[in-house]
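> Enclosed is the structure file work-v3.cif (mmCIF, C-alpha atoms).
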data_model
#
loop_
_atom_site.label_atom_id
_atom_site.label_comp_id
_atom_site.auth_asym_id
_atom_site.auth_seq_id
_atom_site.Cartn_x
_atom_site.Cartn_y
_atom_site.Cartn_z
CA MET A 1 137.55 87.58 125.41
CA GLY A 2 137.29 84.14 123.82
CA GLU A 3 133.49 84.18 123.99
CA ARG A 4 133.36 87.65 122.45
CA MET A 5 135.60 86.56 119.57
CA LEU A 6 133.37 83.51 119.03
CA GLU A 7 130.33 85.81 118.89
CA ILE A 8 132.03 88.04 116.31
CA VAL A 9 132.94 85.04 114.15
CA ALA A 10 129.41 83.60 114.41
CA ALA A 11 127.81 86.94 113.54
CA SER A 12 130.15 87.37 110.57
CA LEU A 13 129.33 83.89 109.28
CA ILE A 14 125.59 84.53 109.56
CA CYS A 15 125.87 87.81 107.64
CA LEU A 16 128.14 86.36 104.96
CA SER A 17 126.01 83.24 104.48
CA THR A 18 122.85 85.37 104.18
CA PHE A 19 124.48 87.52 101.53
CA GLY A 20 125.81 84.44 99.75
CA LEU A 21 122.36 82.84 99.65
CA LEU A 22 120.64 85.97 98.33
CA ARG A 23 123.49 87.49 96.34
CA ASP A 24 121.87 86.88 92.97
CA GLY A 25 118.74 88.64 94.19
CA MET A 26 120.75 91.69 95.23
CA VAL A 27 123.35 92.15 92.52
CA GLY A 28 122.50 89.51 89.91
CA PRO A 29 122.72 90.20 86.16
CA GLY A 30 119.98 92.46 84.90
CA LEU A 31 118.65 93.36 88.35
CA ARG A 32 120.34 96.72 88.57
CA ALA A 33 118.33 97.94 85.61
CA ARG A 34 115.03 97.00 87.26
CA ARG A 35 113.52 99.41 89.74
CA LEU A 36 113.40 98.13 93.30
CA ILE A 37 110.86 100.70 94.45
CA ALA A 38 107.84 101.83 92.43
CA ILE A 39 106.52 105.04 93.99
CA GLU A 40 102.79 105.68 93.78
CA GLY A 41 101.70 109.13 94.96
CA ASP A 42 98.68 108.32 97.12
CA ARG A 43 100.31 105.31 98.76
CA LEU A 44 103.51 107.27 99.31
CA ILE A 45 101.56 109.85 101.29
CA LEU A 46 99.91 107.09 103.34
CA ALA A 47 103.29 105.46 104.02
CA LEU A 48 104.79 108.75 105.19
CA LEU A 49 101.82 109.30 107.48
CA CYS A 50 102.31 105.81 108.94
CA VAL A 51 106.00 106.55 109.57
CA ALA A 52 105.12 109.81 111.30
CA LEU A 53 102.43 108.07 113.38
CA ALA A 54 104.84 105.32 114.48
CA VAL A 55 107.40 107.90 115.59
CA LEU A 56 104.73 109.99 117.33
CA ILE A 57 103.22 107.06 119.27
CA PHE A 58 106.35 105.06 120.13
CA GLY A 59 109.01 107.77 120.02
CA PRO A 60 111.88 108.32 117.60
CA LEU A 61 113.95 105.29 118.67
CA ALA A 62 111.22 102.67 119.00
CA GLY A 63 109.12 104.04 116.13
CA GLY A 64 112.13 104.35 113.85
CA SER A 65 113.21 100.82 114.79
CA MET A 66 109.78 99.47 113.87
CA VAL A 67 109.83 101.19 110.48
CA LEU A 68 113.37 99.96 109.72
CA ALA A 69 112.49 96.43 110.87
CA VAL A 70 109.49 96.30 108.52
CA ALA A 71 111.61 97.70 105.67
CA LEU A 72 114.25 94.97 106.14
CA HIS A 73 111.57 92.30 106.40
CA GLU A 74 110.00 93.39 103.12
CA PHE A 75 113.45 93.66 101.52
CA GLY A 76 113.97 90.00 102.39
CA HIS A 77 110.81 89.07 100.47
CA ILE A 78 111.82 91.13 97.46
CA VAL A 79 115.37 89.77 97.31
CA ALA A 80 114.05 86.22 97.66
CA TYR A 81 111.66 86.84 94.76
CA ARG A 82 114.52 88.12 92.64
CA THR A 83 116.79 85.26 93.65
CA ALA A 84 114.09 82.92 92.34
CA GLY A 85 114.13 84.70 88.98
CA HIS A 86 111.34 87.26 89.48
CA SER A 87 113.38 90.30 88.49
CA ASP A 88 110.19 92.39 88.32
CA ALA A 89 109.60 92.09 92.09
CA ARG A 90 109.75 95.47 93.82
CA PHE A 91 108.23 97.62 96.51
CA ARG A 92 105.06 99.21 95.19
CA LEU A 93 105.56 102.04 97.69
CA LEU A 94 107.74 102.81 100.65
CA PRO A 95 108.49 99.57 102.50
CA LEU A 96 106.04 99.93 105.39
CA LEU A 97 103.30 97.72 106.74
CA GLY A 98 103.85 95.03 104.15
CA GLY A 99 104.65 97.69 101.55
CA GLY A 100 102.90 95.97 98.67
CA LEU A 101 105.68 93.62 97.65
CA GLN A 102 104.55 92.04 94.43
CA SER A 103 105.75 90.10 91.45
CA ASP A 104 103.75 90.27 88.26
CA ARG A 105 103.53 86.48 88.19
CA LEU A 106 102.71 83.82 90.76
CA PRO A 107 105.55 81.32 91.38
CA ALA A 108 104.78 78.05 89.63
CA GLU A 109 106.02 75.98 92.58
CA GLN A 110 104.98 76.11 96.21
CA ASP A 111 108.56 75.73 97.39
CA VAL A 112 109.42 79.04 95.71
CA SER A 113 106.47 80.73 97.41
CA PHE A 114 107.56 79.26 100.74
CA PHE A 115 111.13 80.52 100.20
CA VAL A 116 109.85 84.04 99.46
CA LEU A 117 107.57 84.03 102.50
CA LEU A 118 110.21 82.73 104.93
CA MET A 119 113.00 85.02 103.79
CA GLY A 120 111.25 88.12 105.13
CA ALA A 121 112.10 86.91 108.62
CA GLY A 122 115.09 84.88 107.38
CA LEU A 123 117.07 87.81 106.02
CA SER A 124 116.35 89.80 109.17
CA ILE A 125 118.32 87.37 111.34
CA ALA A 126 121.60 88.84 110.09
CA PRO A 127 120.88 92.49 111.03
CA VAL A 128 119.36 91.38 114.36
CA VAL A 129 122.50 89.41 115.26
CA LEU A 130 124.83 92.14 114.00
CA THR A 131 123.14 94.99 115.86
CA ARG A 132 122.93 92.94 119.07
CA LEU A 133 126.65 92.22 118.88
CA MET A 134 127.46 95.88 118.15
CA ALA A 135 125.28 96.91 121.10
CA ASP A 136 127.34 94.66 123.39
CA LEU A 137 130.64 95.96 122.01
CA LEU A 138 129.59 99.62 122.39
CA HIS A 139 127.99 99.25 125.82
CA ASP A 140 130.82 101.08 127.65
CA PRO A 141 132.30 103.46 125.03
CA ALA A 142 128.95 104.61 123.56
CA PRO A 143 126.02 103.66 125.83
CA GLU A 144 123.38 105.71 123.99
CA LEU A 145 124.26 104.20 120.62
CA SER A 146 124.44 100.79 122.27
CA TYR A 147 120.90 101.18 123.62
CA ALA A 148 119.57 102.27 120.21
CA LEU A 149 121.13 99.22 118.52
CA TYR A 150 119.86 96.90 121.26
CA LEU A 151 116.35 98.34 121.01
CA PHE A 152 116.31 97.81 117.24
CA SER A 153 117.50 94.21 117.56
CA VAL A 154 114.80 93.34 120.10
CA ILE A 155 111.99 95.10 118.23
CA ALA A 156 113.03 93.63 114.87
CA ALA A 157 113.23 90.13 116.33
CA ALA A 158 109.82 90.49 118.01
CA MET A 159 108.15 91.74 114.84
CA ASN A 160 109.64 88.95 112.76
CA PHE A 161 108.66 86.32 115.31
CA PHE A 162 105.12 87.72 115.27
CA SER A 163 105.06 87.52 111.47
CA LEU A 164 105.73 83.75 111.66
CA LEU A 165 102.80 82.96 113.97
CA PRO A 166 100.07 80.75 112.43
CA PHE A 167 97.49 83.52 112.16
CA TRP A 168 96.07 84.44 108.76
CA PRO A 169 97.14 86.58 106.90
CA LEU A 170 100.61 86.55 108.50
CA ASP A 171 103.56 84.95 106.70
CA GLY A 172 103.55 82.09 109.20
CA ALA A 173 100.03 81.03 108.22
CA LYS A 174 100.93 81.14 104.53
CA CYS A 175 104.08 79.09 105.18
CA LEU A 176 102.12 76.44 107.06
CA ARG A 177 99.70 76.07 104.14
CA HIS A 178 102.60 75.23 101.84
CA LEU A 179 103.99 72.79 104.41
CA ALA A 180 100.63 71.06 104.80
CA ALA A 181 99.87 70.74 101.07
CA PRO A 182 102.30 67.84 100.31
CA PHE A 183 101.00 65.74 103.21
CA TRP A 184 97.31 66.68 103.36
CA PRO A 185 96.43 68.38 100.06
CA GLY A 186 92.71 68.41 100.82
CA SER A 187 93.19 70.23 104.13
CA VAL A 188 94.56 73.55 102.86
CA ARG A 189 91.18 75.32 102.76
CA GLN A 190 90.16 74.04 106.21
CA LEU A 191 93.57 74.94 107.65
CA SER A 192 93.34 78.43 106.18
CA ILE A 193 89.90 78.99 107.70
CA ALA A 194 91.12 77.69 111.07
CA MET A 195 94.11 80.06 111.07
CA ALA A 196 91.89 82.99 110.07
CA ALA A 197 89.53 82.15 112.94
CA ALA A 198 92.50 81.85 115.31
CA ALA A 199 93.69 85.31 114.29
CA PHE A 200 90.26 86.79 114.97
CA VAL A 201 89.96 85.08 118.36
CA ALA A 202 93.48 86.17 119.36
CA ALA A 203 92.71 89.77 118.36
CA LEU A 204 89.54 89.74 120.46
CA ALA A 205 91.37 88.18 123.41
CA MET A 206 94.01 90.92 123.23
CA GLN A 207 91.24 93.54 122.85
CA SER A 208 93.13 95.05 119.93
CA VAL A 209 91.06 96.97 117.41
CA VAL A 210 94.01 97.07 115.01
CA LEU A 211 94.46 93.28 115.06
CA VAL A 212 90.72 92.75 114.60
CA LEU A 213 90.83 94.96 111.50
CA VAL A 214 93.88 93.08 110.19
CA ALA A 215 92.07 89.76 110.70
CA LEU A 216 88.96 91.02 108.92
CA ILE A 217 90.96 92.46 106.02
CA GLY A 218 92.80 89.15 105.70
CA LEU A 219 89.53 87.31 105.18
CA GLN A 220 88.99 89.19 101.90
CA GLY A 221 91.95 87.53 100.19
CA LEU A 222 91.58 84.09 101.78
CA SER A 223 89.49 82.51 99.04
CA GLN A 224 91.66 83.85 96.21
CA ALA A 225 94.86 82.77 97.97
CA THR A 226 93.45 79.25 98.42
CA GLU A 227 92.64 79.06 94.72
CA GLN A 228 96.13 80.26 93.79
CA ILE A 229 97.93 77.70 95.93
CA ALA A 230 95.96 74.95 94.19
CA THR A 231 97.50 75.99 90.85
CA GLN A 232 101.08 75.61 92.12
CA ALA A 233 103.13 72.44 92.05
CA PRO A 234 103.42 71.19 95.66
CA MET A 235 106.71 70.51 97.38
CA ALA A 236 108.03 66.98 97.63
CA ARG A 237 107.47 65.64 101.14
CA ARG A 238 111.19 65.44 101.88
CA ARG A 239 111.66 69.05 100.85
CA ALA A 240 108.60 70.06 102.87
CA ALA A 241 110.12 68.43 105.96
CA LEU A 242 113.34 70.43 105.45
CA ALA A 243 111.31 73.58 104.87
CA GLY A 244 109.44 72.93 108.11
CA ALA A 245 112.73 72.64 109.98
CA ALA A 246 113.87 75.94 108.45
CA TYR A 247 110.61 77.60 109.52
CA LEU A 248 111.09 76.42 113.11
CA ALA A 249 114.76 77.46 113.14
CA VAL A 250 114.03 81.00 111.90
CA GLY A 251 111.20 81.38 114.40
CA ALA A 252 113.37 80.09 117.26
CA ALA A 253 116.19 82.50 116.35
CA HIS A 254 113.89 85.52 116.49
CA LEU A 255 112.16 84.29 119.66
CA SER A 256 115.54 83.97 121.38
CA ALA A 257 116.54 87.52 120.43
CA ALA A 258 113.11 88.98 121.23
CA TRP A 259 112.59 87.16 124.53
CA PRO A 260 113.43 90.15 126.78
CA LEU A 261 110.68 92.21 125.13
CA ILE A 262 108.18 89.34 124.95
CA HIS A 263 108.85 88.41 128.59
CA SER A 264 108.27 91.98 129.74
CA ILE A 265 104.96 92.12 127.85
CA LEU A 266 103.78 88.79 129.26
#
Mind turning the file's structure into structure tokens?

Amino acid sequence: MGERMLEIVAASLICLSTFGLLRDGMVGPGLRARRLIAIEGDRLILALLCVALAVLIFGPLAGGSMVLAVALHEFGHIVAYRTAGHSDARFRLLPLLGGGLQSDRLPAEQDVSFFVLLMGAGLSIAPVVLTRLMADLLHDPAPELSYALYLFSVIAAAMNFFSLLPFWPLDGAKCLRHLAAPFWPGSVRQLSIAMAAAAFVAALAMQSVVLVLVALIGLQGLSQATEQIATQAPMARRRAALAGAAYLAVGAAHLSAAWPLIHSIL
């Protein structure tokens, strides 16, 4: 009983601290008047087809969990953008497959870009912890609901952990470029190319056509992204060290929650 109460308190603190950190991005002055989602007809149709395909291939529970996990991940990016003062940031379509989150202006500082990138996975820690705790509490009185919540927590954690891997164009690769810039400013281009190559090799090793296509598509924006990062003010080294610790902590949290799924795959 004491351990369960400690889990409830810890989960509550994680959820409250996440909301406190991003509160201005959710309910700050002037944000309510700005649209969060900008619907574009052709992309809306594509998003709906992707949702239907996910449900068809993986089933309603797993497919629905994947769609919801991606939506929450993208919501984290958007809220982080808005917390940093980019009130124009919004979904360009339904939040699916990296739903086109955009701000009309590039952050002037690399630490802001890093914050936006990390908070996709960062915000998702709270719902992962909350649903895992609810799954444990409902295991006996409502086993079916408990399983659905547990499945979501594991899938969401696995997807967020994957997003932080150092493979271009994943968020993890983009975070590492910002972390490297203060210490080795001349290495960003070489690091980017290395992470793009690593993504391609990993996709081939896994024999995944989808991952190969993602790696190839990512190459198209590599040069432009490298030019953009050069225009931003780099982080101070002390702040970069703290940011690196945050990156590792978020990744470790999702790895811990996703380990049952990752272990079964391996």
> Report the residues retrieved by the PyMOL selection byres ((chain A and resi 88) around 7) from the displayed file, expressed as a list in words.
Arg34, His86, Ser87, Ala89, Arg90, Ser103 and Asp104 of chain A
> Determine, counting all atoms listed in the file, every residue of protein, DNA or RNA that lies within 12 Å of (106.8, 90.2, 125.9) in the file coordinates, then give the result as a list in words.
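Nearby residues: Val154, Ile155, Ala157, Ala158, Met159, Phe161, Phe162, Leu255, Ser256, Ala257, Ala258, Trp259, Pro260, Leu261, Ile262, His263, Ser264, Ile265 and Leu266 of chain A.
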> Next, write the just-selected residues to a file, as a JSON list (two decimals), keeping the file's coordinate frame, keeping C-alpha atoms as the atom set.

[["chain", "number", "residue", "atom", "x", "y", "z"],
["A", 154, "VAL", "CA", 114.80, 93.34, 120.10],
["A", 155, "ILE", "CA", 111.99, 95.10, 118.23],
["A", 157, "ALA", "CA", 113.23, 90.13, 116.33],
["A", 158, "ALA", "CA", 109.82, 90.49, 118.01],
["A", 159, "MET", "CA", 108.15, 91.74, 114.84],
["A", 161, "PHE", "CA", 108.66, 86.32, 115.31],
["A", 162, "PHE", "CA", 105.12, 87.72, 115.27],
["A", 255, "LEU", "CA", 112.16, 84.29, 119.66],
["A", 256, "SER", "CA", 115.54, 83.97, 121.38],
["A", 257, "ALA", "CA", 116.54, 87.52, 120.43],
["A", 258, "ALA", "CA", 113.11, 88.98, 121.23],
["A", 259, "TRP", "CA", 112.59, 87.16, 124.53],
["A", 260, "PRO", "CA", 113.43, 90.15, 126.78],
["A", 261, "LEU", "CA", 110.68, 92.21, 125.13],
["A", 262, "ILE", "CA", 108.18, 89.34, 124.95],
["A", 263, "HIS", "CA", 108.85, 88.41, 128.59],
["A", 264, "SER", "CA", 108.27, 91.98, 129.74],
["A", 265, "ILE", "CA", 104.96, 92.12, 127.85],
["A", 266, "LEU", "CA", 103.78, 88.79, 129.26]]
> Contacts between stretch 238-247 of chain A and stretch 178-200 of chain A, please, where a residue of stretch 178-200 of chain A counts if it comes within 9 Å (with only C-alpha atoms); show its shortest atom pair and distance in Å to one decimal, rows by chain and ascending number, as a Markdown table.

| residue | atom | partner | partner_atom | distance |
| --- | --- | --- | --- | --- |
| A:His178 | CA | A:Ala240 | CA | 8.0 |
| A:Leu179 | CA | A:Ala240 | CA | 5.6 |
| A:Ala180 | CA | A:Ala240 | CA | 8.3 |
| A:Ala181 | CA | A:Ala240 | CA | 8.9 |
| A:Pro182 | CA | A:Ala240 | CA | 7.2 |
| A:Phe183 | CA | A:Ala240 | CA | 8.7 |
> The PyMOL selection byres ((chain A and resi 121) around 10) - which residues does that actually catch in the file I just gave you? List them as an MDAnalysis selection string.
chainID A and resid 69:70 72:77 116:120 122:126 156:157 159:164 171:172 247 250:251 253:254
> Write out as a list in words the residues lying within 12 Å of A:Ile193, counting all atoms listed in the file and excluding same-chain residues fewer than 6 positions away.
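In the requested format, the answer is Pro166, Phe167, Trp168, Pro169, Ala173, Lys174, Arg177, Ser187, Ala199, Phe200, Ala215, Gly218, Leu219, Gln220, Gly221, Leu222, Ser223, Ala225 and Thr226 of chain A.
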> Give one line per residue of stretch 64-171 of chain A that approaches stretch 230-233 of chain A to at most 6 Å, naming the two atoms of the closest pair and their distance in Å to one decimal, counting all atoms listed in the file; sort by chain then ascending residue number and deliver it as a tab-separated table.

residue	atom	partner	partner_atom	distance
A:Ala108	CA	A:Gln232	CA	5.1
A:Glu109	CA	A:Ala233	CA	4.6
A:Gln110	CA	A:Gln232	CA	5.7
> Please produce a file of those selected residues containing C-alpha atoms, as a compact mmCIF listing (two decimals), in the frame of the given file.

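To be explicit, this is the file written out as out37.txt:
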# COMPACT_ATOMS: atom_id res chain seq x y z
CA ALA A 108 104.78 78.05 89.63
CA GLU A 109 106.02 75.98 92.58
CA GLN A 110 104.98 76.11 96.21
> So, counting only C-alpha atoms, which residue among A:Leu211, A:Ala84, A:Leu145, A:Val188 is closest to A:Cys175?
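Once distances to A:Cys175 are computed over only C-alpha atoms, the minimum belongs to A:Val188.
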> If I take atom CA of A:Phe19 and atom CA of A:Phe115, how far is one from the other in Å, to one decimal?
15.1 Å
> How far is it from atom CA of A:Leu130 to atom CA of A:Ala142, in Å with one decimal?
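Interatomic distance, atom CA of A:Leu130 to atom CA of A:Ala142: 16.2 Å.
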> Work out how far apart atom CA of A:Val129 and atom CA of A:Thr83 are and give it in Å to one decimal.
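Between atom CA of A:Val129 and atom CA of A:Thr83 the gap works out to 22.7 Å.
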> I'd like to know which of A:Ala236, A:Ser65, A:Leu176, A:Ser113 is closest to A:Thr131, using all atoms listed in the file.
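Smallest distance to A:Thr131 is found for A:Ser65.
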> With distances taken over all atoms listed in the file, which of A:Val112, A:Cys50, A:Leu22, A:Ala252 is nearest to A:Met235?
A:Val112
